[in-house]
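These notes concern the structure reproduced below.
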Amino acid sequence: QVQLVESGGGSVHPGGSLRLSCAASGATYSGNCMGWFRQRPGKEREGVATIRSDGTTSVADSVKGRFTISKDNAKNTLYLQMNSLKPEDTAMYYCAADPGLWIHCHTRAPTHFSYWGQGTQVTVSS
């Protein structure tokens with residue numbers, strides 16, 4: 001089992017920044033694939049960014065150049081640095097992991113991920 005707990009959400013003005021954290025625990029933290037997803041009001045959950053154990057990352061076009069995913073293995077923590085936030089980034093953000101996921105990791109498809117956190121809310125408004 002893998003347990004994931006997100007933190008760092010909040011309310012910011014457009015153009016602001018936030019850093020989300022996801023503390024992972026359990027026998028298989030250092031799994032092959034971890035990622036950040038979001039669900040905007042009235043929309044389906046979508047993949048924002050993923051990181052694989054070989055260090056490669058994948059970022060959605062909608063956030064490319066503004067969001068950065070990273071992982072600190074020593075702290076068992078996944079991060080999402082979000083800069084230049086826009087109102088359309090308002091969503092519940094979720095951390096997810098799947099120890100066995102490799103080839104499909106960077107498709108950012110939610111259905112491939114087995115473990116999920118409870119989410120942290122990000123609101124961007126003026």
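Residues are named by chain letter and number: chains run A, B, ... in the order of the structure tokens, numbers start at 1 in each chain, and ligands are numbered from 1 in the order shown.
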Which residues come within 12 Å of Thr57 in chain A, counting only C-alpha atoms, excluding same-chain residues fewer than 2 positions away, as a PyMOL selection string? chain A and resi 32-36+48-55+59-60+64+67-71+80+102+105-108
Output C-alpha atoms for every residue in the selection just made, as a short mmCIF file (atom, residue, chain, number, x, y, z; two decimals), in the first residue's frame.
```cif
data_model
loop_
_atom_site.label_atom_id
_atom_site.label_comp_id
_atom_site.auth_asym_id
_atom_site.auth_seq_id
_atom_site.Cartn_x
_atom_site.Cartn_y
_atom_site.Cartn_z
CA ASN A 32 8.11 3.91 -11.13
CA CYS A 33 5.60 6.64 -11.77
CA MET A 34 4.10 9.53 -9.83
CA GLY A 35 2.08 12.45 -11.00
CA TRP A 36 -0.13 15.43 -10.37
CA VAL A 48 -0.96 17.83 -15.21
CA ALA A 49 2.52 16.33 -14.92
CA THR A 50 4.20 13.02 -14.31
CA ILE A 51 7.68 11.94 -13.26
CA ARG A 52 9.22 8.54 -13.73
CA SER A 53 11.95 6.89 -11.69
CA ASP A 54 14.43 7.41 -14.54
CA GLY A 55 13.99 11.15 -14.01
CA VAL A 59 3.90 18.12 -18.60
CA ALA A 60 0.55 19.02 -20.10
CA LYS A 64 4.10 23.86 -19.89
CA PHE A 67 4.52 24.22 -13.80
CA THR A 68 7.44 22.01 -12.79
CA ILE A 69 7.23 18.55 -11.26
CA SER A 70 10.02 17.21 -9.08
CA LYS A 71 10.66 14.54 -6.50
CA LEU A 80 4.55 20.68 -8.14
CA TRP A 102 6.33 2.55 -16.73
CA CYS A 105 3.44 6.83 -17.17
CA HIS A 106 3.80 9.87 -19.40
CA THR A 107 0.42 9.46 -21.03
CA ARG A 108 -0.83 11.19 -17.84
#
```
For Gly10 in chain A, list every protein, DNA or RNA residue within 10 Å, evaluated using only C-alpha atoms, and leave out those in the same chain fewer than 6 positions away; present the list as an NGL selection string. :A and (18-20 or 90 or 120-124)
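Of note, CA of Gly16 in chain A and CA of Glu88 in chain A are spaced 13.0 Å apart.
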What separation in Å, quoted to one decimal, exists between CA of Thr77 in chain A and CA of Val12 in chain A? 23.0 Å
Using DSSP on the backbone coordinates, identify all residues within chain A classified as helix (DSSP H, G or I); present the result as a PyMOL selection string. chain A and resi 73-75+87-89+105-107+110-112
Residues from the last selection, C-alpha atoms, saved as an mmCIF file, in the first residue's frame:
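The result, stored in part_26.cif:
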```
data_model
loop_
_atom_site.group_PDB
_atom_site.id
_atom_site.type_symbol
_atom_site.label_atom_id
_atom_site.label_comp_id
_atom_site.auth_asym_id
_atom_site.auth_seq_id
_atom_site.Cartn_x
_atom_site.Cartn_y
_atom_site.Cartn_z
ATOM 1 C CA ASN A 73 13.501 10.669 -2.780
ATOM 2 C CA ALA A 74 15.263 11.356 0.520
ATOM 3 C CA LYS A 75 12.149 13.085 1.836
ATOM 4 C CA PRO A 87 -7.870 31.575 -13.121
ATOM 5 C CA GLU A 88 -8.277 28.487 -15.290
ATOM 6 C CA ASP A 89 -5.790 26.670 -13.053
ATOM 7 C CA CYS A 105 3.438 6.829 -17.173
ATOM 8 C CA HIS A 106 3.805 9.865 -19.401
ATOM 9 C CA THR A 107 0.415 9.458 -21.033
ATOM 10 C CA PRO A 110 -5.681 8.916 -14.566
ATOM 11 C CA THR A 111 -6.926 5.394 -15.183
ATOM 12 C CA HIS A 112 -3.369 4.043 -15.069
#
```
Using only C-alpha atoms, which protein or nucleic acid residues come within 7 Å of Glu46 in chain A? Drop anything in the same chain fewer than 3 positions from it, and give the result as a PDB file with N, CA and C atoms, in the first residue's frame.
```pdb
ATOM      1  N   PHE A  37      -2.474  15.522 -10.831  1.00  0.00           N
ATOM      2  CA  PHE A  37      -3.676  15.614 -11.628  1.00  0.00           C
ATOM      3  C   PHE A  37      -4.547  16.728 -11.062  1.00  0.00           C
ATOM      4  N   ARG A  38      -5.489  17.182 -11.846  1.00  0.00           N
ATOM      5  CA  ARG A  38      -6.409  18.183 -11.326  1.00  0.00           C
ATOM      6  C   ARG A  38      -7.804  17.949 -11.879  1.00  0.00           C
ATOM      7  N   GLN A  39      -8.758  18.417 -11.116  1.00  0.00           N
ATOM      8  CA  GLN A  39     -10.138  18.329 -11.563  1.00  0.00           C
ATOM      9  C   GLN A  39     -10.784  19.692 -11.371  1.00  0.00           C
ATOM     10  N   PRO A 110      -5.331   9.261 -15.952  1.00  0.00           N
ATOM     11  CA  PRO A 110      -5.681   8.916 -14.566  1.00  0.00           C
ATOM     12  C   PRO A 110      -5.989   7.439 -14.354  1.00  0.00           C
TER      13      PRO A 110
END
```
Write out as number ranges by chain all residues of chain A that DSSP puts in strand (DSSP E or B) for this structure's backbone. A: 2-7, 10-12, 18-26, 33-39, 46-52, 57-59, 67-72, 77-82, 91-98, 115-116, 120-124
With only C-alpha atoms as the atoms that count, which of A:Gln1, A:Asn76, A:Ser11, A:Ser62 lies nearest to Ser125 in chain A? A:Ser11
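Comparing the minimum interatomic distances between Ser7 in chain A and each of A:Ile103, A:Cys95, A:Val63, A:Ala109, counting only C-alpha atoms, we find that A:Cys95 sits nearest.
Between Ala91 in chain A and the candidates A:His13, A:Val5, A:Arg45, A:Ala23, the tightest atom-to-atom separation, counting only C-alpha atoms, involves A:Arg45.
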Name the closest residue to Gly8 in chain A among the candidates A:Asp61, A:Phe113, A:Asp98, A:Met82; distances are taken between atoms, counting only C-alpha atoms. A:Met82
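Counting only C-alpha atoms and comparing A:Leu78, A:Leu85, A:Leu101, A:Val2, the residue that lies closest to Pro14 in chain A is A:Leu85.
When CA of Gln118 in chain A is paired with CA of Leu4 in chain A, their separation reads 7.8 Å.
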